[in-house]
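Peer 1: One structure coming up, written as structure tokens, with questions to follow.
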Amino acid sequence: MAGAKRKLARPQGAKKSARIEAAEVSDHSEPENTVEMFSDEDLEGGFEDLEDDGADLEAMAEDDGEDDDADDDEATHTAPVAEVTGASNSVPDMRFAVPSLEEIHGLKETSELYMNNVFKLQLDEMMRQVRPDFEHAEALEHALRRIHKVLDGLPSLSPQPLHDALAWLAELSELPIEVPFADPKPREDAAYKFAFEKPSNLHLVGSWPLHTAARRPGELDVDMEVCMPSSLFQEKDTFNARYFHKRAFYLAVIAAQLQNDSKLQMDVEFMDAEHNGRNVCLVLRARQTAAKEFRKLKAVIRIHAAHSLGTFPLNRLSPNRNSLRGAAVGAEEGASLAPTPQYNANLAADALRMPHLLFLHSTAEACGGFVEACQLLKTWATQRGFGTLLLHGAQLDKYPGRQMVAGSENTRFLLTMLLAHLLHGDEPATGLRGRTLHAQRPKLSFGYSSYQLMRGVLDFLAKHAWATSPVFMRAQPKYGLASHAEQIPPTSFSASPRVLVDPSGCVNLLAAWPASSVDQLQQEAAQTLHMLNDAESDCFRALFLTPCTSPVETMDEAAVVTLRGRDQDLVRRLDAGSVRAHALEHLLHVASTALGSRAWGVRASYAAPATTWALGTAPPSVSRRVEFGVRLNTEHAWRQVEHGPPPEDTVACASFRAFWGEVAELRRFRDGRVLESVVWPVSSLAQRAALPRRVLEHAFVRHGCVAKASKLQWVNAALDGLLDVPADLAHRAYLKSPLEVGFQGVQGAYDALVKQLRAMDDLPLSVIGIQPVAPSLRSMSTFVPGALNLSELGSAVPDCASYLPAQPLLLTLESSGRWPDDLGAIQEMKAALYERMAHVLTPKMPGATLRVVYDRDAEQGDVIQDQSALEIVMPAGFAFVCRIHHDREHHLLTRLVRSSSGAARRRAQDALARYDRRFVHQAAHHAALQAVQDQHPALGPTVRLLERWISAQMLSTQVPREAIELLAVAVFTSSTTATPATGVAGLVRVLALLRDWDHRETPLIVPVEAASRRAHEYRALKADEDRKASGTTPADLRAATATAPPITVTAAQRVAAEQAFRTARARDPALHHTAWCIATDLDESGSIWTHDAPTAPIADALRQLAARAVAHLVTGPVVHREAAMVLFTPSLQMYDFVVHIDPAVHTRYAEALCPEAHAWLTKDARAFKNLRTVRASIYGNEVRPDWDPVGEFVALLHTLYPNVFRLFYDHHGGTVIGGVWDKALARPHTFKVLLGYSSRPATGNDVVLNTDAILAEIQRLGHGLVKKIEVAPST
């Protein structure tokens, strides 16, 4: 009924606290509440308002505590069954009851709001883990009562000079206490005096009484506020940290009394949760001798000092006022100094904890989903590195590498206030940054569910223009948050780059946040909304369960920076609170300015744990070592020219030259423009890839962010060179270094060959289509093919660098009825056509070598499968293999499979599988990936690094290349992370995907074809003619890609893929085939590339290796080559025997991770560079495309001993082959004829595998190739 009033439900499990009663409100009106403030009687005897009810908690995935299992057993209880009186038929069977209105609403909400029903169930289950365990709150209440008693008995101290006050404190404390004075430190002869009186009020504040606390790694915080009497302060205490000095002394006296109390059973320490040296608090942590219930709560008590609002004139706390002046900052009296917005905000915020609590409590009372929405937002933010953590002792080892975004210490409170703001609406304000803000209706309704509220906050975070539109929360005078616009006008907040002002109008909640950190929060919110809009993907783990706090995991370029202190601007440094905070603000500003449109954003982070220290020691120095990251804009990141202003704009030119220094110059461009510019010359592709790093290094050194460039250590630089042949070998082996030309060399050779193939007019059938399928022709081969110096083979080109890869091509000929209708005759006709092509092309391609070649497994006689090809070696130093695609062949093979049986059927099935893989699937795979690569240039480097990493684990033959490429595409089409812009960023995210993907239980569905279509659409939108026609600008392109729907397969394709996966697992539960099910919109079965490999043990091993690799990259992070090489250096301990290869005769040794010069240089000539130093060749000057003797040797051993052992090696120049015996053959078994392997007598009539004889045979077969064989000691 319109206008009807209702009483809104209280948050689940909450009790009335502090006698705050929720009034009845209309459905669309703002709640009106009657408030009774806290009184001493309320707090007498100890916080009766503490909630003692709550949900059971199981151990969270990230929670610590060695007694979790015992805790769960104790917490588990059975709900009492209500006793029912009366006749049994009077109680209705609830199984058949009509659904209530609440149940119907819940069902409708699940279907309309959530991505799917599973997401809702996952959310509900997580919330049971996130809510604090109020079952053990009784022990906390007891501790709070004891603290109240101690504080009530505090002695008093009349105003005394600093020296006398410290002497009194020393007498009061049984142990020494070091008062944590903030900078600037007080002088010993300070004119002001220090006094002490017991607190005028005690309040329980923060998230605990609100029930909005959320479990997270480490400990929960229960915040308590002691209000310092106003008589302790003077108006001038707002200047030069005098207030914070008295505050620190006050907390030190309280700490002394708490430390002296033996019954408290708690350790007392100082904590600097805000990392600014001003907002120091006391942290009380239960000892091992404390009550078990309190320890099981995994919470600490924090005691904050506060003053009453009105103690100081509010106009002095305005953010545009300076509170640090005079000799304390080395300035003359009356000098004009910069404002101190952070300092003033810290001082004002100390008076507002209780009013904020009352305001938020009233909001929670009126909005049923408020509490749970806050917990969801806090969990979401924590997993993304926003907000401090309370880690102590063993917890620091359990959560290594946890990072926090710079300046985001108050994130959890900020999100809570932002949610309340969206429920209440804006405060009208005028004049700030030229904008007039009118009061707006609330953006969220009090009737929204927690999920709707969370989405509303994320939507506001993502879409609000924080840089230009400040936010002012609506005043709440009934909670002590009346507007103070007269004393602190809205225009005064212009000193801060981002503004969110609390209801009192006194505090900018974003005062300590660098602009880039707010931008990062905004980007994370936008990415989360993108995930939530993807109804087809399961994003729950990425949203709430997987921590992603390091720039290595989230950014495209990451570095470890050792900051340089900036002493020349003491006021700003003191305002920031620490040398690190001030230096970070400067570094982030310089980075944003230097990169400009090259990057979407920059990020700095440092260790997430709050700083704590013993009472008797000085505060630890803040580490200047921080992690820094850049999210690159692929459209502009690698441009070589930085355009500045025209010379007519003298002010802008002066600023441009001041920023860039000696690299800035005035240049005239071809279009006639004359501009100030910076040119970054590059001589290789590697230098171009490192261009953003070079720009930042110059800017950081010039502006004093770092002492020298070596203080900026890049993760990407540590992995540079892994995909390159050593420069010395490249110079000897190639006509042009692959480092300089990249994939353009092989692409140019391909284009030249295509012209010759299309120009053939002496063939019976014309070539109408040429389809490349080589990884190098889609820029994804692990190494860039170089133009091999064919004329120097056997002389200047070392054998270890003589590998010439052959690039496969598919040829389509015009339709003709002259093709035979017999499979064997078709293969013969193909061979004849190849021979004819060689005859036609030879005179047209001087210097080229053309010949007909056959596959390794080719057979003579009645052959039905494709086995021949045309091999072309071009004088430019590249080789190609051409195969003819005849579509009639597929029909004939399919018919043969249906009509035959037994061995003939198996032969036909093998031939059909080869045909489909070679001519159908590879062609479609290449075309799709080529399109995706064109849109995402980082896809190629990602694939190359991933394949390099997998091969380095000696798994080259265990994982198909196409599967590796699909794993990479999965990252570039995923909605869970931003699209990588560098290969290293892509590698880290693919490794994280491997770590998190449970391949035994779920398929990986990759929308390859959908991504290809999106790439074509993007390319069309980007085209110049379309841009001119539609008026599209680069900004429009970014908006189009950002707002585009997630790339997914269709619902029908997903259902088909999941059904195929379930069928495969039911048919093969032991995972003998298709351990990895990678389904695509081109292959719903998910088994085309992974039917036989990797095997289940290899897939499990890769998952473990990926988890360790990610941890190694993030924890540190990896910034040195030695640390990076750990990722690519496998352990040999798992192998039963290891075959060592002579690198001098390994044709691919140039691709090894660390090739040694003795493989191609003679020992006696290395000291004389002008002499001929290359080893004598063994293979001579014959050109052998795809000649890999180690690979052939491994294939031979697999053929000779198919079921005796498994071999593992790195085909990129690896010099060891690891072997593992079949354990079943190592056990004694009965002898029988034709065992298939060498055996020796054991006991009785039993025999065992003769490993010594087999290894001797391997040594003999590998003569000249094998150096030695090591056998693992028997266990």
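Going by the structure tokens order, chains are called A, B, ..., each with residues numbered from 1, while ligands are numbered from 1 in the order shown.
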Find the spatial neighbours of Asp189 of chain A, counting only C-alpha atoms, within a cut-off of 10 Å - ignore same-chain residues fewer than 5 positions away - and output them as JSON, numbers by chain.
Peer 2: {"A": [161, 162, 163]}
Peer 1: Only C-alpha atoms, please: the residues just picked out, written as a PDB file, in the first residue's frame.
Peer 2:
```pdb
ATOM      1  CA  PRO A 161      57.805  19.991  30.882  1.00  0.00           C
ATOM      2  CA  LEU A 162      58.664  17.148  28.564  1.00  0.00           C
ATOM      3  CA  HIS A 163      61.654  15.989  30.574  1.00  0.00           C
TER       4      HIS A 163
END
```
Peer 1: Which residues, written as a list in words, have at least one atom at most 10 Å from Ser597 of chain A, with only C-alpha atoms counted and residues fewer than 4 positions away on the same chain left out?
Peer 2: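 Within the cut-off, the hits are Ser592, Thr593, Gly601, Leu632, Asn633, Thr634, Glu635, His636 and Ala637 of chain A.
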Peer 1: Just the residues within 7 Å of segment 522-526 of chain A, please, counting only C-alpha atoms, with nothing from its chain fewer than 4 positions along; format it as a PyMOL selection string.
Peer 2: chain A and resi 458+461-462+518+530
Peer 1: Please provide as a VMD selection string all residues within 6 Å of Tyr606 of chain A, with the sequence filter that same-chain residues fewer than 5 positions apart are discarded (counting only C-alpha atoms).
Peer 2: chain A and resid 403 to 404 626
Peer 1: Contacts of Leu757 of chain A at 9 Å or less, counting only C-alpha atoms, minus same-chain residues fewer than 3 places along, as a PDB file with C-alpha atoms, in the first residue's frame?
Peer 2:
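Output contents, as saved in result.pdb:
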```pdb
ATOM      1  CA  ALA A 752      58.064 -14.070 -51.685  1.00  0.00           C
ATOM      2  CA  LEU A 753      57.314 -17.785 -51.870  1.00  0.00           C
ATOM      3  CA  VAL A 754      53.565 -17.154 -52.135  1.00  0.00           C
ATOM      4  CA  MET A 760      53.028 -21.216 -61.473  1.00  0.00           C
ATOM      5  CA  VAL A 767      47.125 -23.042 -56.801  1.00  0.00           C
ATOM      6  CA  ILE A 770      47.881 -20.922 -49.574  1.00  0.00           C
ATOM      7  CA  MET A 837      56.108 -28.116 -58.740  1.00  0.00           C
ATOM      8  CA  LEU A 841      59.889 -23.559 -59.505  1.00  0.00           C
TER       9      LEU A 841
END
```
Peer 1: With only C-alpha atoms as the basis for distance, which of A:Ala654, A:Leu587, A:Ala1099, A:Cys281 is at the shortest distance from Cys1077 of chain A?
Peer 2: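 Smallest distance to Cys1077 of chain A is found for A:Ala1099.
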Peer 1: I'd like the neighbourhood of segment 920-926 of chain A as a compact mmCIF listing (two decimals) with N, CA and C atoms, in the first residue's frame, where a residue qualifies if any of its atoms comes within 10 Å (using only C-alpha atoms), though same-chain residues fewer than 5 positions away should be ignored.
Peer 2:
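Below is the file selection-v6.txt, written as the result:
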```
# COMPACT_ATOMS: atom_id res chain seq x y z
N GLN A 771 47.62 -21.52 -47.27
CA GLN A 771 47.29 -21.30 -45.85
C GLN A 771 48.49 -21.62 -44.98
N PRO A 772 49.10 -20.62 -44.33
CA PRO A 772 50.19 -20.93 -43.40
C PRO A 772 49.65 -21.57 -42.13
N VAL A 773 50.38 -22.51 -41.60
CA VAL A 773 50.02 -23.12 -40.30
C VAL A 773 51.22 -23.16 -39.36
N ALA A 774 52.31 -22.52 -39.75
CA ALA A 774 53.51 -22.53 -38.91
C ALA A 774 53.35 -21.55 -37.76
N PRO A 775 53.78 -21.92 -36.55
CA PRO A 775 53.72 -20.98 -35.42
C PRO A 775 54.47 -19.68 -35.68
N LEU A 777 54.68 -18.06 -38.38
CA LEU A 777 53.93 -17.18 -39.26
C LEU A 777 52.70 -16.59 -38.57
N ARG A 778 52.52 -16.91 -37.30
CA ARG A 778 51.56 -16.20 -36.46
C ARG A 778 52.29 -15.59 -35.25
N LEU A 809 53.13 -25.21 -44.87
CA LEU A 809 52.09 -24.48 -45.59
C LEU A 809 51.11 -25.48 -46.18
N LEU A 810 49.87 -25.07 -46.32
CA LEU A 810 48.84 -25.89 -46.96
C LEU A 810 48.45 -25.25 -48.28
N HIS A 885 46.14 -29.86 -49.87
CA HIS A 885 44.88 -30.18 -49.20
C HIS A 885 43.83 -30.51 -50.26
N ASP A 887 40.03 -31.87 -50.41
CA ASP A 887 38.90 -32.10 -49.53
C ASP A 887 38.20 -33.42 -49.78
N HIS A 890 38.87 -36.40 -47.29
CA HIS A 890 38.13 -36.55 -46.04
C HIS A 890 36.90 -37.44 -46.23
N ARG A 914 44.78 -37.93 -38.78
CA ARG A 914 45.90 -37.14 -39.28
C ARG A 914 45.40 -36.08 -40.27
N TYR A 915 44.49 -36.48 -41.14
CA TYR A 915 43.95 -35.53 -42.12
C TYR A 915 43.26 -34.35 -41.40
N ALA A 931 44.32 -13.78 -35.95
CA ALA A 931 43.47 -12.61 -35.75
C ALA A 931 43.59 -12.09 -34.32
N VAL A 932 43.60 -13.00 -33.35
CA VAL A 932 43.72 -12.57 -31.94
C VAL A 932 45.08 -11.93 -31.71
N GLU A 962 49.73 -26.58 -29.62
CA GLU A 962 48.42 -25.95 -29.77
C GLU A 962 47.71 -25.80 -28.42
N GLU A 965 49.13 -22.79 -26.74
CA GLU A 965 48.59 -21.56 -27.31
C GLU A 965 47.18 -21.30 -26.83
N LEU A 966 46.38 -22.34 -26.66
CA LEU A 966 45.02 -22.15 -26.17
C LEU A 966 45.01 -21.69 -24.72
N VAL A 1008 37.85 -19.24 -28.81
CA VAL A 1008 38.83 -18.84 -29.83
C VAL A 1008 38.15 -18.15 -31.00
N GLU A 1009 37.10 -18.77 -31.52
CA GLU A 1009 36.43 -18.20 -32.68
C GLU A 1009 35.77 -16.87 -32.33
N LEU A 1082 35.55 -24.07 -31.67
CA LEU A 1082 35.92 -24.87 -32.84
C LEU A 1082 36.00 -26.35 -32.52
N ASP A 1083 36.04 -26.67 -31.24
CA ASP A 1083 36.18 -28.06 -30.79
C ASP A 1083 35.48 -28.22 -29.45
N ILE A 1088 40.82 -32.49 -29.30
CA ILE A 1088 41.57 -32.53 -30.57
C ILE A 1088 43.07 -32.45 -30.32
N TRP A 1089 43.48 -31.53 -29.47
CA TRP A 1089 44.90 -31.33 -29.25
C TRP A 1089 45.42 -32.08 -28.04
```
Peer 1: Which residue, A:Gly153, A:Gly644, A:Pro1094, A:Pro209, has the smallest gap to Glu141 of chain A when you use only C-alpha atoms?
Peer 2: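 Comparing A:Gly153, A:Gly644, A:Pro1094, A:Pro209 against Glu141 of chain A, the winner is A:Pro209.
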Peer 1: Work out how far apart atom CA of Phe359 of chain A and atom CA of Phe270 of chain A are and give it in Å to one decimal.
Peer 2: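 Atom CA of Phe270 of chain A lies 28.8 Å from atom CA of Phe359 of chain A.
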Peer 1: Which is closest to Asp855 of chain A among A:Arg242, A:Arg836, A:Arg883, A:Arg1013, if we use only C-alpha atoms?
Peer 2: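 When distances to Asp855 of chain A are compared using only C-alpha atoms, the smallest one comes from A:Arg883.
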Peer 1: Identify which of the residues A:Val881, A:Leu389, A:Leu1153, A:Ala787 lies closest to Arg216 of chain A, counting only C-alpha atoms when measuring atom-to-atom distances.
Peer 2: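 When distances to Arg216 of chain A are compared using only C-alpha atoms, the smallest one comes from A:Leu389.
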Peer 1: Between A:Glu889, A:Glu697, A:Asp183, A:Glu219, which is the closest to Ala394 of chain A once you count only C-alpha atoms?
Peer 2: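 Distance minimum relative to Ala394 of chain A lands on A:Glu219.
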Peer 1: When distances are computed from only C-alpha atoms, which of A:Arg1019, A:Ser868, A:Pro620, A:Val560 shows the smallest separation from Glu178 of chain A?
Peer 2: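 The answer is A:Pro620, which sits nearest to Glu178 of chain A.
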